[in-house]
>>> print(open('final.cif').read())   # mmCIF, C-alpha atoms
data_target
loop_
_atom_site.label_atom_id
_atom_site.label_comp_id
_atom_site.auth_asym_id
_atom_site.auth_seq_id
_atom_site.Cartn_x
_atom_site.Cartn_y
_atom_site.Cartn_z
CA ALA A 1 57.52 145.79 55.79
CA LEU A 2 58.80 142.92 53.66
CA ASP A 3 62.25 143.38 55.18
CA ALA A 4 60.73 143.16 58.66
CA VAL A 5 58.70 140.01 58.05
CA SER A 6 61.66 138.41 56.29
CA ALA A 7 63.82 139.09 59.35
CA ASN A 8 61.12 137.65 61.62
CA GLU A 9 61.03 134.40 59.65
CA TRP A 10 64.84 134.27 59.74
CA THR A 11 64.80 134.65 63.53
CA HIS A 12 62.65 131.52 63.74
CA ALA A 13 64.89 129.57 61.30
CA ARG A 14 62.17 129.57 58.64
CA PHE A 15 64.64 130.37 55.90
CA GLU A 16 62.48 129.39 52.94
CA ARG A 17 59.75 131.86 53.86
CA SER A 18 62.37 134.47 54.69
CA HIS A 19 63.81 134.05 51.20
CA ASP A 20 60.34 134.32 49.63
CA TYR A 21 59.76 137.68 51.32
CA ALA A 22 63.23 138.85 50.27
CA CYS A 23 62.38 137.94 46.66
CA GLN A 24 59.13 139.92 46.84
CA ARG A 25 61.06 142.90 48.19
CA ILE A 26 63.69 142.83 45.43
CA GLU A 27 60.98 142.53 42.75
CA LEU A 28 59.18 145.62 44.05
CA LEU A 29 62.40 147.62 44.22
CA GLU A 30 63.61 146.61 40.78
CA GLY A 31 60.28 147.71 39.35
CA SER A 32 60.32 151.11 41.04
CA SER A 33 61.63 154.45 39.80
CA PRO A 34 65.29 155.24 40.55
CA SER A 35 66.02 157.63 43.41
CA PRO A 36 68.70 158.01 46.10
CA ALA A 37 66.38 156.46 48.70
CA ARG A 38 65.52 153.59 46.38
CA ASP A 39 69.24 152.91 45.74
CA ILE A 40 69.91 152.59 49.48
CA GLU A 41 66.98 150.20 49.91
CA HIS A 42 67.97 148.28 46.79
CA GLY A 43 71.51 147.78 48.10
CA ASP A 44 70.21 146.37 51.37
CA ALA A 45 67.75 144.12 49.53
CA LEU A 46 70.52 142.72 47.33
CA HIS A 47 72.54 142.00 50.47
CA MET A 48 69.59 140.03 51.86
CA MET A 49 69.28 138.08 48.61
CA VAL A 50 72.92 137.05 48.99
CA GLU A 51 72.46 136.11 52.63
CA SER A 52 69.20 134.22 52.19
CA ALA A 53 70.64 132.25 49.27
CA LEU A 54 73.57 131.29 51.50
CA GLN A 55 71.20 130.04 54.21
CA GLY A 56 69.35 127.98 51.60
CA GLY A 57 72.56 126.31 50.44
CA GLU A 58 72.29 127.98 47.02
CA PHE A 59 75.83 129.22 46.90
CA ALA A 60 76.03 129.75 43.13
CA LYS A 61 72.88 131.89 43.26
CA ALA A 62 74.39 133.81 46.16
CA ALA A 63 77.45 134.49 44.00
CA ASP A 64 75.21 135.79 41.19
CA TRP A 65 73.39 138.14 43.57
CA ALA A 66 76.74 139.25 44.98
CA ALA A 67 77.88 140.23 41.49
CA LYS A 68 74.72 142.33 41.01
CA SER A 69 75.23 143.94 44.40
CA ARG A 70 78.88 144.69 43.61
CA GLU A 71 77.89 146.41 40.37
CA LEU A 72 75.37 148.65 42.18
CA GLU A 73 77.67 149.49 45.10
CA LEU A 74 80.62 150.32 42.85
CA ARG A 75 78.37 152.57 40.77
CA ASN A 76 77.33 154.32 43.98
CA GLY A 77 80.93 154.68 45.15
CA VAL A 78 80.73 152.31 48.14
CA ALA A 79 83.68 150.09 47.24
CA TYR A 80 84.14 148.33 50.58
CA SER A 81 80.50 147.22 50.63
CA ALA A 82 80.71 146.17 46.98
CA TRP A 83 83.64 143.82 47.51
CA SER A 84 82.28 142.35 50.74
CA ARG A 85 79.29 140.68 49.07
CA GLY A 86 81.29 138.05 47.22
CA ILE A 87 83.43 136.79 50.12
CA LEU A 88 81.04 134.22 51.58
CA PRO A 89 79.64 132.79 48.31
CA ALA A 90 83.17 132.15 47.04
CA PHE A 91 84.13 130.70 50.43
CA PHE A 92 81.34 128.12 50.47
CA LEU A 93 81.88 127.25 46.81
CA CYS A 94 85.55 126.70 47.76
CA ARG A 95 86.81 129.27 45.32
CA TRP A 96 89.14 130.19 48.13
CA ASP A 97 91.69 132.27 46.25
CA GLU A 98 88.85 134.39 44.87
CA SER A 99 87.34 134.73 48.35
CA VAL A 100 90.61 135.96 49.84
CA ASP A 101 91.12 138.32 46.90
CA VAL A 102 87.75 140.07 47.33
CA ALA A 103 88.21 140.08 51.12
CA THR A 104 91.51 141.91 50.64
CA LYS A 105 89.87 144.42 48.28
CA PHE A 106 87.13 144.94 50.86
CA ARG A 107 89.66 145.47 53.67
CA ASP A 108 91.74 147.95 51.68
CA ALA A 109 88.67 149.95 50.65
CA TRP A 110 87.27 149.89 54.18
CA LEU A 111 90.52 151.12 55.71
CA ALA A 112 90.69 153.86 53.08
CA GLU A 113 87.26 155.04 54.29
CA GLU A 114 88.61 155.13 57.88
CA ARG A 115 86.77 152.04 59.13
CA PRO A 116 83.07 152.94 59.02
CA PRO A 117 81.04 150.70 61.42
CA ILE A 118 79.88 147.58 59.59
CA ALA A 119 79.36 144.82 62.17
CA ALA A 120 77.07 142.98 59.73
CA LEU A 121 80.13 142.00 57.66
CA GLY A 122 82.00 140.35 60.52
CA SER A 123 81.33 136.77 59.43
CA ALA A 124 82.37 137.50 55.86
CA VAL A 125 85.71 138.82 57.09
CA ALA A 126 86.06 135.78 59.35
CA ALA A 127 85.71 133.54 56.31
CA ALA A 128 89.05 134.87 55.05
CA GLY A 129 90.51 133.97 58.44
CA ALA A 130 89.07 130.48 58.08
CA ILE A 131 90.63 129.95 54.66
CA HIS A 132 94.08 130.89 55.91
CA GLY A 133 93.45 128.81 59.02
CA TYR A 134 92.47 125.67 57.12
CA ARG A 135 95.58 126.11 55.01
CA GLY A 136 97.77 126.36 58.10
CA ASP A 137 98.80 130.01 57.77
CA GLU A 138 98.29 130.87 61.44
CA GLU A 139 99.61 134.43 61.25
CA ALA A 140 97.29 135.47 58.41
CA SER A 141 94.40 133.62 60.03
CA ARG A 142 94.87 135.45 63.33
CA ALA A 143 95.01 138.81 61.54
CA TRP A 144 91.72 138.27 59.72
CA PHE A 145 89.96 136.83 62.75
CA SER A 146 91.20 139.77 64.83
CA LEU A 147 89.79 142.15 62.23
CA ALA A 148 86.45 140.32 62.32
CA GLU A 149 86.36 140.41 66.13
CA GLY A 150 87.03 144.13 66.10
CA MET A 151 84.23 144.72 63.61
CA ILE A 152 81.58 142.88 65.61
CA GLY A 153 82.63 144.42 68.94
CA GLY A 154 81.31 142.62 72.00
CA GLY A 155 78.98 140.28 70.15
CA GLY A 156 75.84 141.05 68.18
CA GLY A 157 74.20 139.16 65.35
CA GLN A 158 77.44 138.09 63.65
CA LYS A 159 79.01 136.58 66.76
CA GLY A 160 77.99 133.03 65.87
CA GLY A 161 79.46 133.20 62.39
CA VAL A 162 82.84 134.35 63.61
CA ARG A 163 82.90 131.75 66.39
CA MET A 164 81.75 129.02 64.00
CA PHE A 165 84.64 129.64 61.62
CA GLN A 166 87.18 129.82 64.43
CA ALA A 167 85.93 126.58 65.98
CA ASP A 168 85.87 124.69 62.68
CA VAL A 169 89.43 125.69 61.82
CA ALA A 170 90.51 124.43 65.24
CA LEU A 171 88.67 121.15 64.63
CA HIS A 172 90.47 120.72 61.31
CA HIS A 173 93.79 120.87 63.13
CA GLY A 174 92.68 118.74 66.08
CA GLN A 175 92.77 121.63 68.55
CA LEU A 176 89.78 120.59 70.65
CA ASP A 177 90.44 122.98 73.54
CA VAL A 178 90.53 125.93 71.16
CA ALA A 179 87.36 124.80 69.41
CA LEU A 180 85.50 124.30 72.70
CA GLU A 181 86.47 127.78 73.83
CA GLN A 182 84.70 129.26 70.80
CA VAL A 183 81.37 127.45 71.24
CA GLN A 184 80.52 127.82 74.91
CA ASP A 185 77.72 130.31 74.22
CA PRO A 186 74.41 128.41 73.74
CA ALA A 187 73.24 130.97 71.15
CA GLY A 188 74.94 132.13 67.98
CA GLY A 189 73.15 135.38 67.20
CA PHE A 190 70.84 136.34 64.35
CA TRP A 191 72.82 135.67 61.20
CA TRP A 192 74.47 132.26 61.64
CA ASN A 193 72.70 130.67 64.59
CA SER A 194 71.81 127.40 62.83
CA ALA A 195 75.29 126.68 61.49
CA TYR A 196 76.87 127.83 64.75
CA LEU A 197 74.71 125.48 66.84
CA ALA A 198 75.47 122.57 64.49
CA THR A 199 79.22 123.27 64.74
CA ARG A 200 78.87 123.59 68.50
CA ALA A 201 77.18 120.19 68.67
CA GLU A 202 79.86 118.57 66.52
CA THR A 203 82.59 120.10 68.69
CA PHE A 204 80.98 118.72 71.85
CA VAL A 205 80.62 115.29 70.24
CA ILE A 206 84.26 115.14 69.14
CA ALA A 207 85.43 116.30 72.56
CA GLY A 208 83.25 113.74 74.34
CA ASP A 209 81.52 116.51 76.29
CA ASP A 210 78.84 115.36 78.76
CA THR A 211 76.33 117.78 77.23
CA ALA A 212 76.80 116.63 73.63
CA SER A 213 73.32 115.08 73.44
CA GLU A 214 71.74 118.34 74.61
CA ALA A 215 73.78 120.30 72.07
CA LEU A 216 72.63 117.94 69.30
CA ALA A 217 69.00 118.42 70.31
CA ALA A 218 69.34 122.21 70.42
CA ALA A 219 70.78 122.26 66.91
CA GLU A 220 68.12 119.88 65.59
CA ASP A 221 65.48 122.53 66.29
CA VAL A 222 66.95 125.04 63.83
CA VAL A 223 68.53 123.15 60.90
CA ALA A 224 65.52 121.89 58.95
CA GLU A 225 65.73 124.67 56.34
CA GLN A 226 69.49 125.28 56.46
CA PRO A 227 71.17 122.45 54.50
CA PHE A 228 74.75 123.42 55.38
CA ALA A 229 73.95 123.27 59.09
CA ARG A 230 71.88 120.12 58.60
CA ALA A 231 74.82 118.36 56.93
CA ILE A 232 77.12 119.32 59.82
CA LEU A 233 74.57 117.96 62.28
CA LEU A 234 74.19 114.71 60.35
CA ARG A 235 77.94 114.22 60.61
CA ALA A 236 77.88 115.05 64.30
CA ARG A 237 75.05 112.59 64.95
CA GLY A 238 76.85 109.94 62.93
CA ARG A 239 79.94 110.38 65.05
CA PHE A 240 77.93 110.43 68.26
CA SER A 241 76.10 107.17 67.51
CA GLY A 242 78.75 105.47 65.37
CA ASP A 243 76.29 105.42 62.46
CA ARG A 244 78.22 105.41 59.19
CA ALA A 245 75.04 105.95 57.16
CA LEU A 246 74.51 109.37 58.75
CA ILE A 247 78.04 110.43 57.81
CA GLU A 248 77.40 109.23 54.26
CA ARG A 249 74.23 111.35 54.17
CA SER A 250 76.26 114.30 55.40
CA ARG A 251 78.82 113.79 52.63
CA ASP A 252 76.07 113.55 50.02
CA LEU A 253 74.25 116.66 51.24
CA PHE A 254 77.46 118.70 51.16
CA ALA A 255 78.01 117.42 47.61
CA GLU A 256 74.44 118.36 46.67
CA ILE A 257 74.90 121.96 47.77
CA ALA A 258 78.36 122.05 46.16
CA THR A 259 80.67 122.89 49.05
CA PRO A 260 83.65 120.56 48.51
CA TYR A 261 85.65 121.31 51.65
CA GLN A 262 82.97 120.11 54.06
CA GLU A 263 82.13 117.24 51.72
CA ALA A 264 85.76 116.17 52.09
CA ARG A 265 85.60 116.50 55.88
CA SER A 266 82.71 114.01 55.95
CA ALA A 267 84.28 111.72 53.35
CA TRP A 268 87.53 111.68 55.35
CA LEU A 269 85.76 109.95 58.23
CA LEU A 270 84.52 107.14 55.98
CA GLY A 271 87.98 105.89 55.03
CA GLY A 272 88.82 103.85 51.94
CA ASP A 273 88.03 105.42 48.56
CA ASP A 274 86.14 108.24 50.25
CA ARG A 275 89.23 109.24 52.15
CA GLU A 276 91.34 109.16 48.99
CA ARG A 277 88.88 111.51 47.27
CA ALA A 278 88.90 113.75 50.34
CA ARG A 279 92.68 113.84 50.25
CA GLU A 280 92.52 115.08 46.64
CA ILE A 281 90.12 117.87 47.61
CA PHE A 282 92.30 119.02 50.49
CA THR A 283 95.30 119.10 48.17
CA GLU A 284 93.37 121.12 45.58
CA LEU A 285 92.36 123.62 48.25
CA GLY A 286 95.86 123.90 49.68
CA ALA A 287 94.83 122.53 53.06
CA PRO A 288 96.66 119.83 55.00
CA GLU A 289 94.82 116.67 55.92
CA PRO A 290 92.59 117.10 58.97
CA VAL A 291 93.75 115.97 62.39
CA ASP A 292 91.03 114.16 64.30
CA ALA A 293 91.83 112.52 67.60
CA SER A 294 88.41 110.85 67.67
CA VAL A 295 89.09 108.83 64.51
CA LYS A 296 91.31 105.82 64.93
CA PRO A 297 94.04 105.55 62.29
CA GLU A 298 93.64 102.83 59.73
CA PRO A 299 95.67 99.75 60.69
CA GLU A 300 99.05 99.24 59.10
CA PRO A 301 99.10 96.44 56.50
CA ALA A 302 100.48 93.15 57.79
CA ALA A 303 104.16 92.55 57.13
#
>>> encode(input="final.cif", output="structure tokens")
Amino acid sequence: ALDAVSANEWTHARFERSHDYACQRIELLEGSSPSPARDIEHGDALHMMVESALQGGEFAKAADWAAKSRELELRNGVAYSAWSRGILPAFFLCRWDESVDVATKFRDAWLAEERPPIAALGSAVAAAGAIHGYRGDEEASRAWFSLAEGMIGGGGGQKGGVRMFQADVALHHGQLDVALEQVQDPAGGFWWNSAYLATRAETFVIAGDDTASEALAAAEDVVAEQPFARAILLRARGRFSGDRALIERSRDLFAEIATPYQEARSAWLLGGDDRERAREIFTELGAPEPVDASVKPEPEPAA
């Protein structure tokens, strides 16, 4: 019952209440007697603790829950599920080498089990594609995104997460046509709808799409309790209106939730010292500087 009401709150982008119900569920399970049925329920509940922490922008807490989940799943002999839990927390914390490492362990274990159906992990797999994509390794990026696409099938609840990552990588490299192709659907599915709609709005703004204002409004309805999506939307609104203060707020919110890559993407737009700090972050992450056709280059110093 707690799982059901938590999912209902999630559907309506009420992530704080969803997380509260998930916490109640994990407390009941951790206080119950061990049994095979309880272990299955406990594993699912730990997964929801990881996911709800991610939605709340609490990436370090998500990583802690992922470690607990990994311990349980490895003890139960479900290696592919165990390794999958840590991919997204490490991705958002920008521990990218770690994220790719656990993604590879997940993939190898999953293939060894002859690919059991796990569409719910599609976005996590896509995160590995995003890391390689940001870094400019197109071949590796395509392979991981192809794997993620195959896992989710024709769509489903993870569709928005996979599309979001693909679009954002394209934006990093200035490939607006590619990014637009990924965000034509006005809905992103259950798991990542808020962040998907915010990325969609930013893509439309950068591309100068006639429906950018409508896309911004649609995203505004679902980002109040999802700080990562809210920071993307602040940046998009800042670009749309030419309001530097909104981009600064985006940078600061990304810094507050400790996700350096997106913090650097916002700082890059501000120029000056902010851009220099962003350049350092991109270098640390192994990513080239972003290409953005909508940002005019800084003027060359006078001779």
>>> atom_distance(input="final.cif", atom1="CA of Arg251 in chain A", atom2="CA of Gly188 in chain A")
24.2 Å
>>> closest_atom_pairs(input="final.cif", of="range 98-128 of chain A", to="range 169-178 of chain A", cutoff="12 Å", atoms="all atoms listed in the file", output="JSON lines")
{"residue": "A:Ala126", "atom": "CA", "partner": "A:Val169", "partner_atom": "CA", "distance": 10.9}
{"residue": "A:Ala127", "atom": "CA", "partner": "A:Val169", "partner_atom": "CA", "distance": 10.3}
{"residue": "A:Ala128", "atom": "CA", "partner": "A:Val169", "partner_atom": "CA", "distance": 11.4}
>>> closest_residue(input="final.cif", among="A:Asp292, A:Trp192, A:Gln158, A:Arg265", to="Arg279 in chain A", atoms="all atoms listed in the file")
A:Arg265
>>> residues_around(input="final.cif", residues="Glu181 in chain A", least_positions_apart="6", cutoff="12 Å", atoms="all atoms listed in the file", output="list in words")
Arg163, Met164, Gln166, Ala167, Asp168, Ala170, Leu171, Gln175, Arg200, Thr203, Phe204 and Ala207 of chain A
>>> write_last_selection(input="final.cif", atoms="C-alpha atoms", output="PDB file, keeping the file's coordinate frame")
ATOM      1  CA  ARG A 163      82.900 131.750  66.390  1.00  0.00           C
ATOM      2  CA  MET A 164      81.750 129.020  64.000  1.00  0.00           C
ATOM      3  CA  GLN A 166      87.180 129.820  64.430  1.00  0.00           C
ATOM      4  CA  ALA A 167      85.930 126.580  65.980  1.00  0.00           C
ATOM      5  CA  ASP A 168      85.870 124.690  62.680  1.00  0.00           C
ATOM      6  CA  ALA A 170      90.510 124.430  65.240  1.00  0.00           C
ATOM      7  CA  LEU A 171      88.670 121.150  64.630  1.00  0.00           C
ATOM      8  CA  GLN A 175      92.770 121.630  68.550  1.00  0.00           C
ATOM      9  CA  ARG A 200      78.870 123.590  68.500  1.00  0.00           C
ATOM     10  CA  THR A 203      82.590 120.100  68.690  1.00  0.00           C
ATOM     11  CA  PHE A 204      80.980 118.720  71.850  1.00  0.00           C
ATOM     12  CA  ALA A 207      85.430 116.300  72.560  1.00  0.00           C
TER      13      ALA A 207
END
>>> resolve_selection(input="final.cif", expression="the PyMOL selection byres ((chain A and resi 7) around 10)", output="list in words")
Ala1, Leu2, Asp3, Ala4, Val5, Ser6, Asn8, Glu9, Trp10, Thr11, His12, Ala13, Arg14, Phe15, Arg17, Ser18, His19, Tyr21, Ala22, Met48, Phe190 and Trp191 of chain A
>>> write_last_selection(input="final.cif", atoms="C-alpha atoms", output="compact mmCIF listing (two decimals), keeping the file's coordinate frame")
# COMPACT_ATOMS: atom_id res chain seq x y z
CA ALA A 1 57.52 145.79 55.79
CA LEU A 2 58.80 142.92 53.66
CA ASP A 3 62.25 143.38 55.18
CA ALA A 4 60.73 143.16 58.66
CA VAL A 5 58.70 140.01 58.05
CA SER A 6 61.66 138.41 56.29
CA ASN A 8 61.12 137.65 61.62
CA GLU A 9 61.03 134.40 59.65
CA TRP A 10 64.84 134.27 59.74
CA THR A 11 64.80 134.65 63.53
CA HIS A 12 62.65 131.52 63.74
CA ALA A 13 64.89 129.57 61.30
CA ARG A 14 62.17 129.57 58.64
CA PHE A 15 64.64 130.37 55.90
CA ARG A 17 59.75 131.86 53.86
CA SER A 18 62.37 134.47 54.69
CA HIS A 19 63.81 134.05 51.20
CA TYR A 21 59.76 137.68 51.32
CA ALA A 22 63.23 138.85 50.27
CA MET A 48 69.59 140.03 51.86
CA PHE A 190 70.84 136.34 64.35
CA TRP A 191 72.82 135.67 61.20
>>> closest_residue(input="final.cif", among="A:Leu285, A:Arg230, A:Ala195, A:Gly77", to="Glu98 in chain A", atoms="only C-alpha atoms")
A:Leu285
>>> residues_around(input="final.cif", residues="Ala267 in chain A", least_positions_apart="4", cutoff="12 Å", atoms="only C-alpha atoms", output="PDB file with C-alpha atoms, keeping the file's coordinate frame")
ATOM      1  CA  ARG A 235      77.940 114.220  60.610  1.00  0.00           C
ATOM      2  CA  ARG A 244      78.220 105.410  59.190  1.00  0.00           C
ATOM      3  CA  ALA A 245      75.040 105.950  57.160  1.00  0.00           C
ATOM      4  CA  LEU A 246      74.510 109.370  58.750  1.00  0.00           C
ATOM      5  CA  ILE A 247      78.040 110.430  57.810  1.00  0.00           C
ATOM      6  CA  GLU A 248      77.400 109.230  54.260  1.00  0.00           C
ATOM      7  CA  ARG A 249      74.230 111.350  54.170  1.00  0.00           C
ATOM      8  CA  SER A 250      76.260 114.300  55.400  1.00  0.00           C
ATOM      9  CA  ARG A 251      78.820 113.790  52.630  1.00  0.00           C
ATOM     10  CA  ASP A 252      76.070 113.550  50.020  1.00  0.00           C
ATOM     11  CA  LEU A 253      74.250 116.660  51.240  1.00  0.00           C
ATOM     12  CA  PHE A 254      77.460 118.700  51.160  1.00  0.00           C
ATOM     13  CA  ALA A 255      78.010 117.420  47.610  1.00  0.00           C
ATOM     14  CA  PRO A 260      83.650 120.560  48.510  1.00  0.00           C
ATOM     15  CA  TYR A 261      85.650 121.310  51.650  1.00  0.00           C
ATOM     16  CA  GLN A 262      82.970 120.110  54.060  1.00  0.00           C
ATOM     17  CA  GLU A 263      82.130 117.240  51.720  1.00  0.00           C
ATOM     18  CA  GLY A 271      87.980 105.890  55.030  1.00  0.00           C
ATOM     19  CA  GLY A 272      88.820 103.850  51.940  1.00  0.00           C
ATOM     20  CA  ASP A 273      88.030 105.420  48.560  1.00  0.00           C
ATOM     21  CA  ASP A 274      86.140 108.240  50.250  1.00  0.00           C
ATOM     22  CA  ARG A 275      89.230 109.240  52.150  1.00  0.00           C
ATOM     23  CA  GLU A 276      91.340 109.160  48.990  1.00  0.00           C
ATOM     24  CA  ARG A 277      88.880 111.510  47.270  1.00  0.00           C
ATOM     25  CA  ALA A 278      88.900 113.750  50.340  1.00  0.00           C
ATOM     26  CA  ARG A 279      92.680 113.840  50.250  1.00  0.00           C
ATOM     27  CA  GLU A 280      92.520 115.080  46.640  1.00  0.00           C
ATOM     28  CA  ILE A 281      90.120 117.870  47.610  1.00  0.00           C
ATOM     29  CA  PHE A 282      92.300 119.020  50.490  1.00  0.00           C
ATOM     30  CA  GLU A 289      94.820 116.670  55.920  1.00  0.00           C
ATOM     31  CA  PRO A 290      92.590 117.100  58.970  1.00  0.00           C
TER      32      PRO A 290
END
